[in-house]
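Structure file target_39.cif; described as mmCIF, C-alpha atoms and all ligand atoms.
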data_final
#
loop_
_atom_site.group_PDB
_atom_site.id
_atom_site.type_symbol
_atom_site.label_atom_id
_atom_site.label_comp_id
_atom_site.auth_asym_id
_atom_site.auth_seq_id
_atom_site.Cartn_x
_atom_site.Cartn_y
_atom_site.Cartn_z
ATOM 1 C CA ILE A 62 11.654 111.523 93.209
ATOM 2 C CA SER A 63 9.897 110.299 96.340
ATOM 3 C CA TRP A 64 9.677 112.340 99.523
ATOM 4 C CA GLU A 65 11.849 109.782 101.378
ATOM 5 C CA LEU A 66 14.604 109.864 98.762
ATOM 6 C CA ALA A 67 14.489 113.665 98.679
ATOM 7 C CA CYS A 68 14.943 113.846 102.469
ATOM 8 C CA GLU A 69 17.861 111.373 102.311
ATOM 9 C CA ARG A 70 19.531 113.523 99.677
ATOM 10 C CA LEU A 71 18.858 116.684 101.687
ATOM 11 C CA ASP A 72 20.514 115.099 104.736
ATOM 12 C CA ARG A 73 23.522 113.998 102.701
ATOM 13 C CA ALA A 74 23.755 117.497 101.193
ATOM 14 C CA ALA A 75 23.604 119.169 104.610
ATOM 15 C CA ALA A 76 26.363 116.895 105.901
ATOM 16 C CA MET A 77 28.767 118.083 103.180
ATOM 17 C CA ILE A 78 28.171 121.851 103.417
ATOM 18 C CA ASN A 79 31.464 123.645 102.746
ATOM 19 C CA ASP A 80 33.409 120.376 102.695
ATOM 20 C CA THR A 81 36.381 120.955 100.369
ATOM 21 C CA GLU A 82 37.829 117.431 100.755
ATOM 22 C CA PRO A 83 38.311 116.001 97.213
ATOM 23 C CA VAL A 84 35.936 113.185 96.194
ATOM 24 C CA SER A 85 35.962 111.010 93.120
ATOM 25 C CA VAL A 86 32.878 111.337 90.969
ATOM 26 C CA GLU A 87 31.790 109.618 87.784
ATOM 27 C CA GLY A 88 29.516 110.638 84.972
ATOM 28 C CA PRO A 89 27.961 114.011 84.305
ATOM 29 C CA ILE A 90 27.829 116.537 87.120
ATOM 30 C CA HIS A 91 25.089 119.158 87.283
ATOM 31 C CA ILE A 92 25.497 122.403 89.143
ATOM 32 C CA GLY A 93 22.681 124.425 90.706
ATOM 33 C CA ILE A 94 23.150 127.916 92.112
ATOM 34 C CA ASP A 95 20.582 129.434 94.485
ATOM 35 C CA LEU A 96 20.953 133.183 95.015
ATOM 36 C CA GLY A 97 18.807 133.903 98.075
ATOM 37 C CA THR A 98 18.195 137.033 100.068
ATOM 38 C CA ALA A 99 20.110 135.685 103.016
ATOM 39 C CA ASP A 100 22.468 133.150 101.499
ATOM 40 C CA VAL A 101 24.062 131.831 98.328
ATOM 41 C CA VAL A 102 24.265 128.073 97.783
ATOM 42 C CA LEU A 103 26.023 126.047 95.094
ATOM 43 C CA MET A 104 25.066 122.390 94.914
ATOM 44 C CA ALA A 105 26.548 119.788 92.582
ATOM 45 C CA VAL A 106 24.745 116.507 91.901
ATOM 46 C CA ASP A 107 25.979 113.457 89.985
ATOM 47 C CA GLY A 108 24.191 111.674 87.125
ATOM 48 C CA GLU A 109 21.915 109.912 89.632
ATOM 49 C CA GLY A 110 20.959 113.209 91.278
ATOM 50 C CA GLU A 111 23.006 112.505 94.406
ATOM 51 C CA PRO A 112 24.644 115.583 95.982
ATOM 52 C CA VAL A 113 28.429 115.534 95.657
ATOM 53 C CA ALA A 114 29.378 119.094 96.662
ATOM 54 C CA VAL A 115 27.604 121.886 98.574
ATOM 55 C CA PHE A 116 28.885 125.359 99.375
ATOM 56 C CA LEU A 117 26.881 127.895 101.375
ATOM 57 C CA GLU A 118 27.607 131.413 102.508
ATOM 58 C CA TRP A 119 25.375 133.773 104.472
ATOM 59 C CA THR A 120 25.505 136.950 102.469
ATOM 60 C CA GLU A 121 22.976 139.511 101.391
ATOM 61 C CA VAL A 122 23.305 139.931 97.645
ATOM 62 C CA VAL A 123 19.623 140.077 96.713
ATOM 63 C CA ARG A 124 16.877 141.958 98.518
ATOM 64 C CA ASP A 125 13.205 142.228 97.481
ATOM 65 C CA GLY A 126 13.981 140.976 93.999
ATOM 66 C CA VAL A 127 16.808 143.466 93.511
ATOM 67 C CA VAL A 128 20.506 142.653 93.449
ATOM 68 C CA VAL A 129 22.047 144.869 96.110
ATOM 69 C CA ASP A 130 25.594 143.614 95.641
ATOM 70 C CA PHE A 131 26.136 142.443 92.057
ATOM 71 C CA VAL A 132 29.918 142.311 92.297
ATOM 72 C CA GLY A 133 29.738 140.496 95.636
ATOM 73 C CA ALA A 134 27.309 137.941 94.201
ATOM 74 C CA CYS A 135 29.552 137.255 91.182
ATOM 75 C CA ASP A 136 32.557 136.894 93.498
ATOM 76 C CA VAL A 137 30.778 134.333 95.694
ATOM 77 C CA VAL A 138 29.673 132.352 92.628
ATOM 78 C CA ARG A 139 33.216 132.389 91.183
ATOM 79 C CA LYS A 140 34.660 131.320 94.530
ATOM 80 C CA PHE A 141 32.156 128.446 94.905
ATOM 81 C CA VAL A 142 32.787 127.268 91.344
ATOM 82 C CA ALA A 143 36.541 127.164 92.022
ATOM 83 C CA MET A 144 35.940 125.233 95.270
ATOM 84 C CA ALA A 145 33.626 122.742 93.548
ATOM 85 C CA GLU A 146 36.158 122.274 90.722
ATOM 86 C CA GLU A 147 38.839 121.581 93.286
ATOM 87 C CA ARG A 148 36.711 119.092 95.261
ATOM 88 C CA LEU A 149 35.339 117.253 92.213
ATOM 89 C CA GLY A 150 38.422 117.440 89.970
ATOM 90 C CA ILE A 151 36.403 118.723 87.013
ATOM 91 C CA GLU A 152 36.036 121.917 85.049
ATOM 92 C CA ILE A 153 32.704 123.677 85.551
ATOM 93 C CA THR A 154 31.430 125.772 82.660
ATOM 94 C CA GLU A 155 27.657 125.612 83.107
ATOM 95 C CA ALA A 156 25.000 125.713 85.805
ATOM 96 C CA SER A 157 21.284 126.019 86.467
ATOM 97 C CA THR A 158 19.709 128.709 88.591
ATOM 98 C CA SER A 159 16.346 130.049 89.717
ATOM 99 C CA PHE A 160 14.564 133.189 90.876
ATOM 100 C CA PRO A 161 11.648 134.039 93.151
ATOM 101 C CA PRO A 162 8.300 133.910 91.297
ATOM 102 C CA GLY A 163 7.207 137.300 90.046
ATOM 103 C CA THR A 164 10.749 138.616 89.730
ATOM 104 C CA ASP A 165 12.972 138.831 86.659
ATOM 105 C CA ALA A 166 14.943 135.681 85.813
ATOM 106 C CA ARG A 167 17.777 137.884 84.542
ATOM 107 C CA LEU A 168 18.463 138.810 88.150
ATOM 108 C CA SER A 169 20.113 135.420 88.561
ATOM 109 C CA THR A 170 21.245 134.637 85.019
ATOM 110 C CA ASN A 171 23.237 137.908 84.756
ATOM 111 C CA ILE A 172 25.176 136.970 87.875
ATOM 112 C CA LEU A 173 26.020 133.473 86.620
ATOM 113 C CA GLU A 174 27.002 134.748 83.187
ATOM 114 C CA THR A 175 29.208 137.478 84.619
ATOM 115 C CA ALA A 176 30.859 134.814 86.765
ATOM 116 C CA GLY A 177 31.726 133.017 83.503
ATOM 117 C CA LEU A 178 29.057 130.291 83.494
ATOM 118 C CA GLU A 179 26.693 129.265 80.761
ATOM 119 C CA VAL A 180 23.145 129.027 82.167
ATOM 120 C CA THR A 181 21.577 125.727 81.094
ATOM 121 C CA HIS A 182 18.272 125.931 82.994
ATOM 122 C CA VAL A 183 16.472 128.732 84.771
ATOM 123 C CA GLU A 184 13.116 128.287 86.458
ATOM 124 C CA ASP A 185 11.334 129.970 89.353
ATOM 125 C CA GLU A 186 12.031 128.438 92.779
ATOM 126 C CA PRO A 187 8.714 126.674 93.512
ATOM 127 C CA SER A 188 8.606 125.241 89.981
ATOM 128 C CA CYS A 189 12.036 123.697 90.607
ATOM 129 C CA VAL A 190 10.749 122.118 93.832
ATOM 130 C CA ALA A 191 7.512 120.996 92.164
ATOM 131 C CA SER A 192 9.408 119.283 89.400
ATOM 132 C CA LEU A 193 11.813 117.486 91.789
ATOM 133 C CA LEU A 194 8.949 116.160 93.932
ATOM 134 C CA GLU A 195 6.420 115.777 91.074
ATOM 135 C CA LEU A 196 3.835 117.779 93.010
ATOM 136 C CA ASP A 197 0.129 118.071 92.269
ATOM 137 C CA LYS A 198 -2.548 120.103 94.109
ATOM 138 C CA ALA A 199 0.041 121.334 96.556
ATOM 139 C CA ALA A 200 1.100 124.667 97.974
ATOM 140 C CA VAL A 201 4.841 125.268 98.154
ATOM 141 C CA VAL A 202 5.359 127.747 100.970
ATOM 142 C CA ASP A 203 8.785 129.377 101.084
ATOM 143 C CA ILE A 204 9.429 131.218 104.349
ATOM 144 C CA GLY A 205 12.672 133.067 103.877
ATOM 145 C CA GLY A 206 14.277 135.989 105.645
ATOM 146 C CA GLY A 207 12.132 138.865 104.462
ATOM 147 C CA THR A 208 9.173 137.264 102.747
ATOM 148 C CA THR A 209 6.729 134.381 102.642
ATOM 149 C CA GLY A 210 5.902 133.155 99.170
ATOM 150 C CA THR A 211 3.145 130.715 98.241
ATOM 151 C CA ALA A 212 3.080 128.874 94.949
ATOM 152 C CA ILE A 213 0.097 126.695 94.088
ATOM 153 C CA VAL A 214 1.066 123.743 91.965
ATOM 154 C CA LYS A 215 -1.351 121.811 89.794
ATOM 155 C CA ASP A 216 0.004 118.811 87.926
ATOM 156 C CA GLY A 217 3.571 120.130 88.139
ATOM 157 C CA ASP A 218 2.707 123.637 86.914
ATOM 158 C CA ILE A 219 2.476 126.811 88.971
ATOM 159 C CA VAL A 220 -1.075 128.162 88.654
ATOM 160 C CA PHE A 221 -0.729 130.965 91.217
ATOM 161 C CA SER A 222 2.044 132.619 93.181
ATOM 162 C CA ASP A 223 2.314 135.588 95.472
ATOM 163 C CA ASP A 224 4.418 136.780 98.373
ATOM 164 C CA GLU A 225 4.117 139.042 101.374
ATOM 165 C CA PRO A 226 6.789 140.779 103.426
ATOM 166 C CA THR A 227 6.756 138.625 106.565
ATOM 167 C CA GLY A 228 9.529 136.144 107.313
ATOM 168 C CA GLY A 229 12.398 135.126 109.550
ATOM 169 C CA LYS A 230 13.557 138.697 110.155
ATOM 170 C CA HIS A 231 10.243 139.447 111.879
ATOM 171 C CA ILE A 232 10.772 136.493 114.195
ATOM 172 C CA THR A 233 14.268 137.755 114.989
ATOM 173 C CA LEU A 234 12.805 141.163 115.896
ATOM 174 C CA THR A 235 10.332 139.544 118.293
ATOM 175 C CA ILE A 236 13.118 137.523 119.933
ATOM 176 C CA ALA A 237 15.230 140.681 120.300
ATOM 177 C CA GLY A 238 12.300 142.365 122.034
ATOM 178 C CA HIS A 239 11.544 139.396 124.262
ATOM 179 C CA TYR A 240 15.104 138.873 125.469
ATOM 180 C CA ASP A 241 16.140 142.539 125.198
ATOM 181 C CA VAL A 242 19.156 141.731 123.002
ATOM 182 C CA ASP A 243 20.425 143.102 119.672
ATOM 183 C CA LEU A 244 19.474 141.506 116.333
ATOM 184 C CA GLU A 245 22.709 139.589 115.992
ATOM 185 C CA LYS A 246 22.224 137.948 119.380
ATOM 186 C CA ALA A 247 18.548 137.331 118.607
ATOM 187 C CA GLU A 248 19.528 135.560 115.362
ATOM 188 C CA GLU A 249 21.926 133.398 117.381
ATOM 189 C CA TYR A 250 19.158 132.501 119.872
ATOM 190 C CA LYS A 251 16.792 131.686 116.998
ATOM 191 C CA ARG A 252 19.234 129.109 115.672
ATOM 192 C CA LYS A 253 19.385 127.501 119.108
ATOM 193 C CA ALA A 254 15.597 127.345 119.196
ATOM 194 C CA GLU A 255 15.210 124.508 121.681
ATOM 195 C CA GLU A 256 17.594 126.048 124.203
ATOM 196 C CA TYR A 257 15.865 129.449 124.109
ATOM 197 C CA LYS A 258 12.248 128.190 123.720
ATOM 198 C CA ILE A 259 11.825 130.157 120.512
ATOM 199 C CA LEU A 260 8.660 128.563 119.124
ATOM 200 C CA PRO A 261 6.255 130.194 121.645
ATOM 201 C CA ILE A 262 7.888 133.579 120.950
ATOM 202 C CA ALA A 263 7.681 133.039 117.183
ATOM 203 C CA LYS A 264 4.096 131.753 117.295
ATOM 204 C CA PRO A 265 2.258 135.060 116.644
ATOM 205 C CA THR A 266 4.458 135.763 113.602
ATOM 206 C CA LEU A 267 3.974 132.204 112.338
ATOM 207 C CA GLU A 268 0.212 132.508 112.795
ATOM 208 C CA ARG A 269 0.349 135.674 110.711
ATOM 209 C CA VAL A 270 2.339 133.742 108.099
ATOM 210 C CA SER A 271 -0.299 131.010 108.060
ATOM 211 C CA ASP A 272 -3.041 133.649 107.596
ATOM 212 C CA ILE A 273 -1.077 134.925 104.589
ATOM 213 C CA VAL A 274 -0.827 131.395 103.195
ATOM 214 C CA ALA A 275 -4.547 130.763 103.816
ATOM 215 C CA ALA A 276 -5.399 133.935 101.872
ATOM 216 C CA HIS A 277 -3.102 132.850 99.025
ATOM 217 C CA MET A 278 -4.724 129.394 98.881
ATOM 218 C CA LYS A 279 -8.271 130.726 98.781
ATOM 219 C CA GLY A 280 -10.152 129.446 95.743
ATOM 220 C CA HIS A 281 -7.457 126.909 94.844
ATOM 221 C CA GLU A 282 -7.535 123.154 95.196
ATOM 222 C CA VAL A 283 -4.785 122.237 97.663
ATOM 223 C CA ASP A 284 -4.326 118.788 99.286
ATOM 224 C CA SER A 285 -1.039 119.372 101.074
ATOM 225 C CA ILE A 286 1.494 121.989 101.986
ATOM 226 C CA LEU A 287 5.217 121.739 101.441
ATOM 227 C CA LEU A 288 7.381 124.009 103.567
ATOM 228 C CA SER A 289 10.671 125.389 102.333
ATOM 229 C CA GLY A 290 13.068 128.219 103.188
ATOM 230 C CA GLY A 291 15.406 128.886 106.090
ATOM 231 C CA THR A 292 12.736 129.885 108.599
ATOM 232 C CA CYS A 293 11.354 126.334 108.404
ATOM 233 C CA CYS A 294 14.504 125.191 110.267
ATOM 234 C CA LEU A 295 12.614 126.212 113.437
ATOM 235 C CA PRO A 296 11.780 122.924 115.166
ATOM 236 C CA GLY A 297 8.027 122.364 115.518
ATOM 237 C CA ILE A 298 7.048 124.953 112.899
ATOM 238 C CA GLU A 299 4.915 122.423 110.999
ATOM 239 C CA THR A 300 2.625 121.861 114.019
ATOM 240 C CA ILE A 301 1.518 125.519 113.897
ATOM 241 C CA PHE A 302 0.678 125.306 110.182
ATOM 242 C CA GLU A 303 -1.128 121.980 110.530
ATOM 243 C CA LYS A 304 -3.299 123.394 113.285
ATOM 244 C CA GLU A 305 -4.009 126.679 111.505
ATOM 245 C CA LEU A 306 -4.452 125.430 107.950
ATOM 246 C CA LYS A 307 -5.930 121.984 108.658
ATOM 247 C CA LEU A 308 -4.014 120.282 105.863
ATOM 248 C CA PRO A 309 -1.110 117.802 105.895
ATOM 249 C CA VAL A 310 2.147 119.761 106.087
ATOM 250 C CA HIS A 311 5.416 118.290 104.812
ATOM 251 C CA LEU A 312 8.601 119.644 106.317
ATOM 252 C CA PRO A 313 11.808 118.630 104.516
ATOM 253 C CA SER A 314 14.590 117.301 106.724
ATOM 254 C CA GLN A 315 16.852 120.187 105.647
ATOM 255 C CA PRO A 316 14.723 123.148 104.531
ATOM 256 C CA LEU A 317 17.715 125.211 103.378
ATOM 257 C CA MET A 318 18.850 122.487 100.983
ATOM 258 C CA LEU A 319 15.541 121.869 99.173
ATOM 259 C CA THR A 320 15.686 124.675 96.598
ATOM 260 C CA PRO A 321 19.403 124.150 95.824
ATOM 261 C CA LEU A 322 18.828 120.392 95.347
ATOM 262 C CA SER A 323 15.826 121.109 93.128
ATOM 263 C CA ILE A 324 17.815 123.559 90.993
ATOM 264 C CA ALA A 325 20.766 121.185 90.617
ATOM 265 C CA SER A 326 18.337 118.406 89.634
ATOM 266 C CA LEU A 327 16.712 120.468 86.853
ATOM 267 C CA ALA A 328 18.781 118.978 84.047
HETATM 268 P P1 LIG A 401 13.719 135.414 101.010
HETATM 269 O O1 LIG A 401 12.899 134.168 100.754
HETATM 270 O O2 LIG A 401 13.131 136.302 102.042
HETATM 271 O O3 LIG A 401 14.064 136.103 99.733
HETATM 272 P P2 LIG A 401 16.019 133.661 101.331
HETATM 273 O O4 LIG A 401 15.439 132.781 100.270
HETATM 274 O O5 LIG A 401 17.429 134.050 101.160
HETATM 275 O O6 LIG A 401 15.106 134.931 101.608
HETATM 276 P P3 LIG A 401 16.301 131.609 103.254
HETATM 277 O O7 LIG A 401 17.744 131.391 103.066
HETATM 278 O O8 LIG A 401 15.361 130.574 102.768
HETATM 279 O O9 LIG A 401 15.869 133.037 102.726
HETATM 280 O O10 LIG A 401 16.003 131.869 104.803
HETATM 281 C C1 LIG A 401 16.656 132.856 105.527
HETATM 282 C C2 LIG A 401 16.022 132.933 106.893
HETATM 283 O O11 LIG A 401 16.154 131.664 107.532
HETATM 284 C C3 LIG A 401 16.685 133.954 107.802
HETATM 285 O O12 LIG A 401 15.692 134.761 108.413
HETATM 286 C C4 LIG A 401 17.369 133.091 108.854
HETATM 287 O O13 LIG A 401 17.363 133.718 110.110
HETATM 288 C C5 LIG A 401 16.491 131.861 108.875
HETATM 289 N N1 LIG A 401 17.193 130.681 109.398
HETATM 290 C C6 LIG A 401 18.309 130.104 108.920
HETATM 291 N N2 LIG A 401 18.681 129.061 109.685
HETATM 292 C C7 LIG A 401 17.766 128.989 110.684
HETATM 293 C C8 LIG A 401 17.590 128.132 111.802
HETATM 294 N N3 LIG A 401 18.437 127.136 112.063
HETATM 295 N N4 LIG A 401 16.527 128.340 112.609
HETATM 296 C C9 LIG A 401 15.655 129.338 112.351
HETATM 297 N N5 LIG A 401 15.766 130.186 111.323
HETATM 298 C C10 LIG A 401 16.807 130.019 110.499
#
As structure tokens, please, write out the structure in this file.
Ligand code: ATP
Amino acid sequence: ISWELACERLDRAAAMINDTEPVSVEGPIHIGIDLGTADVVLMAVDGEGEPVAVFLEWTEVVRDGVVVDFVGACDVVRKFVAMAEERLGIEITEASTSFPPGTDARLSTNILETAGLEVTHVEDEPSCVASLLELDKAAVVDIGGGTTGTAIVKDGDIVFSDDEPTGGKHITLTIAGHYDVDLEKAEEYKRKAEEYKILPIAKPTLERVSDIVAAHMKGHEVDSILLSGGTCCLPGIETIFEKELKLPVHLPSQPLMLTPLSIASLA
């Protein structure tokens, strides 16, 4: 789908996060489940690919490619499935999911299966995004909580991927130091970035992230960069990457919704 349509869908998805109000839907519904380090998201899309239900919870069930709370993850998935069934008035028996490149797909599929779902599609995260947006010669850069991952896409396929341990948590640490507050407070300030002038404080970390991305892109043909992951919610983040990497940078309207939408659209 086009970039414009994707951003419209991301905005509609963000507007319905954790909305349990029943809606009437027609045709086949596809479910995508994104098990992140910092959050778990279930997104349902209709036959046209339009989001019809989104549930998100901040919870640490996966860390560095390892499930740290298997039971907790299964519980969240079960809970979200029940909520989606309630909202959409349907029975949900199957879903798609994904995993960070370089990690084991079973990390995610085991959780879905234990939660009673049949896994219909499983693909690594940047491949899901690449297939939704039909990317070519692009770098999908996922800046999450703990890591930054780069996936180089050529004609829809991932030709290279790697990640490094620098992400949103490092920005939170810098904010905590700058304002002399604890991490919880720093996280709160980060999410009110304009009020607390976070971008200048985050800049050194983001420059380090762009150095990581530049090293990952070395030797590959890349025309544009697509940002994804929660850290990209920081307003103005794309300006730093454009300046450092000297390539067009695309920032989705709702960075946290891009992978879930891509997973749900896999069918
Ligand atoms: P990882 O990629 O490290 O495995 P993940 O995929 O779970 O983690 P995301 O959910 O993409 O990570 O991003 C989590 C990060 O996004 C956290 O560091 C969080 O602080 C940050 N984040 C979430 N919302 C915002 C916001 N509004 N402004 C800035 N940062 C945000």
Leaving out Lys304 of chain A and any residue of its chain fewer than 4 positions from it, which residues lie within 12 Å of it when counting all atoms listed in the file, given as a PDB file with C-alpha atoms, in the coordinates of the input?
ATOM      1  CA  LYS A 264       4.096 131.753 117.295  1.00  0.00           C
ATOM      2  CA  LEU A 267       3.974 132.204 112.338  1.00  0.00           C
ATOM      3  CA  GLU A 268       0.212 132.508 112.795  1.00  0.00           C
ATOM      4  CA  SER A 271      -0.299 131.010 108.060  1.00  0.00           C
ATOM      5  CA  ASP A 272      -3.041 133.649 107.596  1.00  0.00           C
ATOM      6  CA  GLY A 297       8.027 122.364 115.518  1.00  0.00           C
ATOM      7  CA  ILE A 298       7.048 124.953 112.899  1.00  0.00           C
ATOM      8  CA  GLU A 299       4.915 122.423 110.999  1.00  0.00           C
ATOM      9  CA  THR A 300       2.625 121.861 114.019  1.00  0.00           C
ATOM     10  CA  LEU A 308      -4.014 120.282 105.863  1.00  0.00           C
ATOM     11  CA  PRO A 309      -1.110 117.802 105.895  1.00  0.00           C
ATOM     12  CA  VAL A 310       2.147 119.761 106.087  1.00  0.00           C
TER      13      VAL A 310
END
Per residue of chain A within 8 Å of ligand LIG 401 (chain A), record the nearest atom pair and its distance in Å to one decimal, counting only C-alpha atoms and all ligand atoms, with rows in chain order and ascending residue number, as a Markdown table.
| residue | atom | partner | partner_atom | distance |
| --- | --- | --- | --- | --- |
| A:Leu96 | CA | A:LIG401 | O5 | 7.1 |
| A:Gly97 | CA | A:LIG401 | O5 | 3.4 |
| A:Thr98 | CA | A:LIG401 | O5 | 3.3 |
| A:Ala99 | CA | A:LIG401 | O5 | 3.6 |
| A:Asp100 | CA | A:LIG401 | O5 | 5.1 |
| A:Val101 | CA | A:LIG401 | O5 | 7.5 |
| A:Glu121 | CA | A:LIG401 | O5 | 7.8 |
| A:Val123 | CA | A:LIG401 | O3 | 7.5 |
| A:Arg124 | CA | A:LIG401 | O3 | 6.6 |
| A:Asp125 | CA | A:LIG401 | O3 | 6.6 |
| A:Gly126 | CA | A:LIG401 | O3 | 7.5 |
| A:Pro161 | CA | A:LIG401 | O3 | 7.3 |
| A:Asp203 | CA | A:LIG401 | O1 | 6.3 |
| A:Ile204 | CA | A:LIG401 | O1 | 5.8 |
| A:Gly205 | CA | A:LIG401 | O1 | 3.3 |
| A:Gly206 | CA | A:LIG401 | O12 | 3.3 |
| A:Gly207 | CA | A:LIG401 | O2 | 3.7 |
| A:Thr208 | CA | A:LIG401 | O2 | 4.1 |
| A:Thr209 | CA | A:LIG401 | O1 | 6.5 |
| A:Gly210 | CA | A:LIG401 | O1 | 7.2 |
| A:Pro226 | CA | A:LIG401 | O2 | 7.9 |
| A:Gly228 | CA | A:LIG401 | O2 | 6.4 |
| A:Gly229 | CA | A:LIG401 | O12 | 3.5 |
| A:Lys230 | CA | A:LIG401 | O12 | 4.8 |
| A:His231 | CA | A:LIG401 | O12 | 8.0 |
| A:Ile232 | CA | A:LIG401 | O12 | 7.8 |
| A:Thr233 | CA | A:LIG401 | O13 | 7.0 |
| A:Glu248 | CA | A:LIG401 | O13 | 6.0 |
| A:Lys251 | CA | A:LIG401 | C9 | 5.3 |
| A:Arg252 | CA | A:LIG401 | N4 | 4.2 |
| A:Lys253 | CA | A:LIG401 | N3 | 7.1 |
| A:Ala254 | CA | A:LIG401 | N4 | 6.7 |
| A:Ser289 | CA | A:LIG401 | O8 | 7.0 |
| A:Gly290 | CA | A:LIG401 | O8 | 3.3 |
| A:Gly291 | CA | A:LIG401 | O11 | 3.2 |
| A:Thr292 | CA | A:LIG401 | O11 | 4.0 |
| A:Cys293 | CA | A:LIG401 | N5 | 6.5 |
| A:Cys294 | CA | A:LIG401 | N4 | 4.4 |
| A:Leu295 | CA | A:LIG401 | C9 | 4.5 |
| A:Pro296 | CA | A:LIG401 | N4 | 7.6 |
| A:Pro316 | CA | A:LIG401 | O8 | 7.7 |
| A:Leu317 | CA | A:LIG401 | O8 | 5.9 |
Exercise for review: Quick one: everything within 8 Å of segment 165-171 of chain A, counting only C-alpha atoms, minus sequence neighbours fewer than 5 positions away in the same chain. Send it as JSON, numbers by chain.
Suggested key: {"A": [96, 126, 127, 128, 158, 159, 160, 180, 183, 184, 185]}
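Selection check: the PyMOL selection byres (((chain A and resi 262) around 9) and not hetatm) on the shown file gives A:Ile232, A:Thr235, A:Ile236, A:His239, A:Lys258, A:Ile259, A:Leu260, A:Pro261, A:Ala263, A:Lys264, A:Pro265, A:Thr266.
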Give me the result of the PyMOL selection byres (((chain A and resi 105) around 12) and not hetatm) on this file, residue by residue, as a compact mmCIF listing (two decimals) with C-alpha atoms, in the frame of the given file.
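File produced: part.txt:
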# COMPACT_ATOMS: atom_id res chain seq x y z
CA ARG A 70 19.53 113.52 99.68
CA ALA A 74 23.76 117.50 101.19
CA MET A 77 28.77 118.08 103.18
CA ILE A 78 28.17 121.85 103.42
CA ASN A 79 31.46 123.64 102.75
CA VAL A 86 32.88 111.34 90.97
CA PRO A 89 27.96 114.01 84.30
CA ILE A 90 27.83 116.54 87.12
CA HIS A 91 25.09 119.16 87.28
CA ILE A 92 25.50 122.40 89.14
CA GLY A 93 22.68 124.42 90.71
CA ILE A 94 23.15 127.92 92.11
CA ASP A 95 20.58 129.43 94.48
CA VAL A 102 24.26 128.07 97.78
CA LEU A 103 26.02 126.05 95.09
CA MET A 104 25.07 122.39 94.91
CA VAL A 106 24.74 116.51 91.90
CA ASP A 107 25.98 113.46 89.98
CA GLY A 108 24.19 111.67 87.12
CA GLU A 109 21.92 109.91 89.63
CA GLY A 110 20.96 113.21 91.28
CA GLU A 111 23.01 112.50 94.41
CA PRO A 112 24.64 115.58 95.98
CA VAL A 113 28.43 115.53 95.66
CA ALA A 114 29.38 119.09 96.66
CA VAL A 115 27.60 121.89 98.57
CA PHE A 116 28.88 125.36 99.38
CA LEU A 117 26.88 127.90 101.38
CA PHE A 141 32.16 128.45 94.90
CA VAL A 142 32.79 127.27 91.34
CA MET A 144 35.94 125.23 95.27
CA ALA A 145 33.63 122.74 93.55
CA GLU A 146 36.16 122.27 90.72
CA ARG A 148 36.71 119.09 95.26
CA LEU A 149 35.34 117.25 92.21
CA ILE A 151 36.40 118.72 87.01
CA ILE A 153 32.70 123.68 85.55
CA GLU A 155 27.66 125.61 83.11
CA ALA A 156 25.00 125.71 85.80
CA SER A 157 21.28 126.02 86.47
CA THR A 158 19.71 128.71 88.59
CA MET A 318 18.85 122.49 100.98
CA PRO A 321 19.40 124.15 95.82
CA LEU A 322 18.83 120.39 95.35
CA SER A 323 15.83 121.11 93.13
CA ILE A 324 17.82 123.56 90.99
CA ALA A 325 20.77 121.18 90.62
CA SER A 326 18.34 118.41 89.63
CA LEU A 327 16.71 120.47 86.85
CA ALA A 328 18.78 118.98 84.05
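Atom pair atom CA of Gly150 of chain A / atom CA of Cys135 of chain A: separated by 21.7 Å.
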Check your understanding: Could you spell out the hits of the PyMOL selection byres (((chain A and resi 214) around 6) and not hetatm) on the shown file, as number ranges by chain?
Key -> A: 197-199, 213, 215, 217-220
**Study point:** Computed interatomic separation between atom CA of Asp216 of chain A and atom CA of Ser188 of chain A (Å)
**Key:** 10.9 Å
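One finds atom CA of Met278 of chain A at 10.4 Å from atom CA of Val201 of chain A.
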Where atoms are lacking, segment 74-81 of chain A completed to N, CA and C atoms, as a PDB file, in the coordinates of the input:
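Listed below is the output, rebuild24.pdb:
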ATOM      1  N   ALA A  74      23.277 116.180 101.630  1.00  0.00           N
ATOM      2  CA  ALA A  74      23.755 117.497 101.193  1.00  0.00           C
ATOM      3  C   ALA A  74      24.163 118.339 102.402  1.00  0.00           C
ATOM      4  N   ALA A  75      23.317 118.336 103.424  1.00  0.00           N
ATOM      5  CA  ALA A  75      23.604 119.169 104.610  1.00  0.00           C
ATOM      6  C   ALA A  75      24.893 118.725 105.291  1.00  0.00           C
ATOM      7  N   ALA A  76      25.159 117.423 105.238  1.00  0.00           N
ATOM      8  CA  ALA A  76      26.363 116.895 105.901  1.00  0.00           C
ATOM      9  C   ALA A  76      27.647 117.304 105.180  1.00  0.00           C
ATOM     10  N   MET A  77      27.529 117.729 103.913  1.00  0.00           N
ATOM     11  CA  MET A  77      28.767 118.083 103.180  1.00  0.00           C
ATOM     12  C   MET A  77      28.899 119.589 102.929  1.00  0.00           C
ATOM     13  N   ILE A  78      28.092 120.401 103.629  1.00  0.00           N
ATOM     14  CA  ILE A  78      28.171 121.851 103.417  1.00  0.00           C
ATOM     15  C   ILE A  78      29.593 122.351 103.678  1.00  0.00           C
ATOM     16  N   ASN A  79      30.127 123.032 102.688  1.00  0.00           N
ATOM     17  CA  ASN A  79      31.464 123.645 102.746  1.00  0.00           C
ATOM     18  C   ASN A  79      32.592 122.649 102.986  1.00  0.00           C
ATOM     19  N   ASP A  80      32.353 121.396 102.609  1.00  0.00           N
ATOM     20  CA  ASP A  80      33.409 120.376 102.695  1.00  0.00           C
ATOM     21  C   ASP A  80      34.242 120.444 101.407  1.00  0.00           C
ATOM     22  N   THR A  81      35.525 120.775 101.549  1.00  0.00           N
ATOM     23  CA  THR A  81      36.381 120.955 100.369  1.00  0.00           C
ATOM     24  C   THR A  81      37.192 119.687 100.053  1.00  0.00           C
TER      25      THR A  81
END
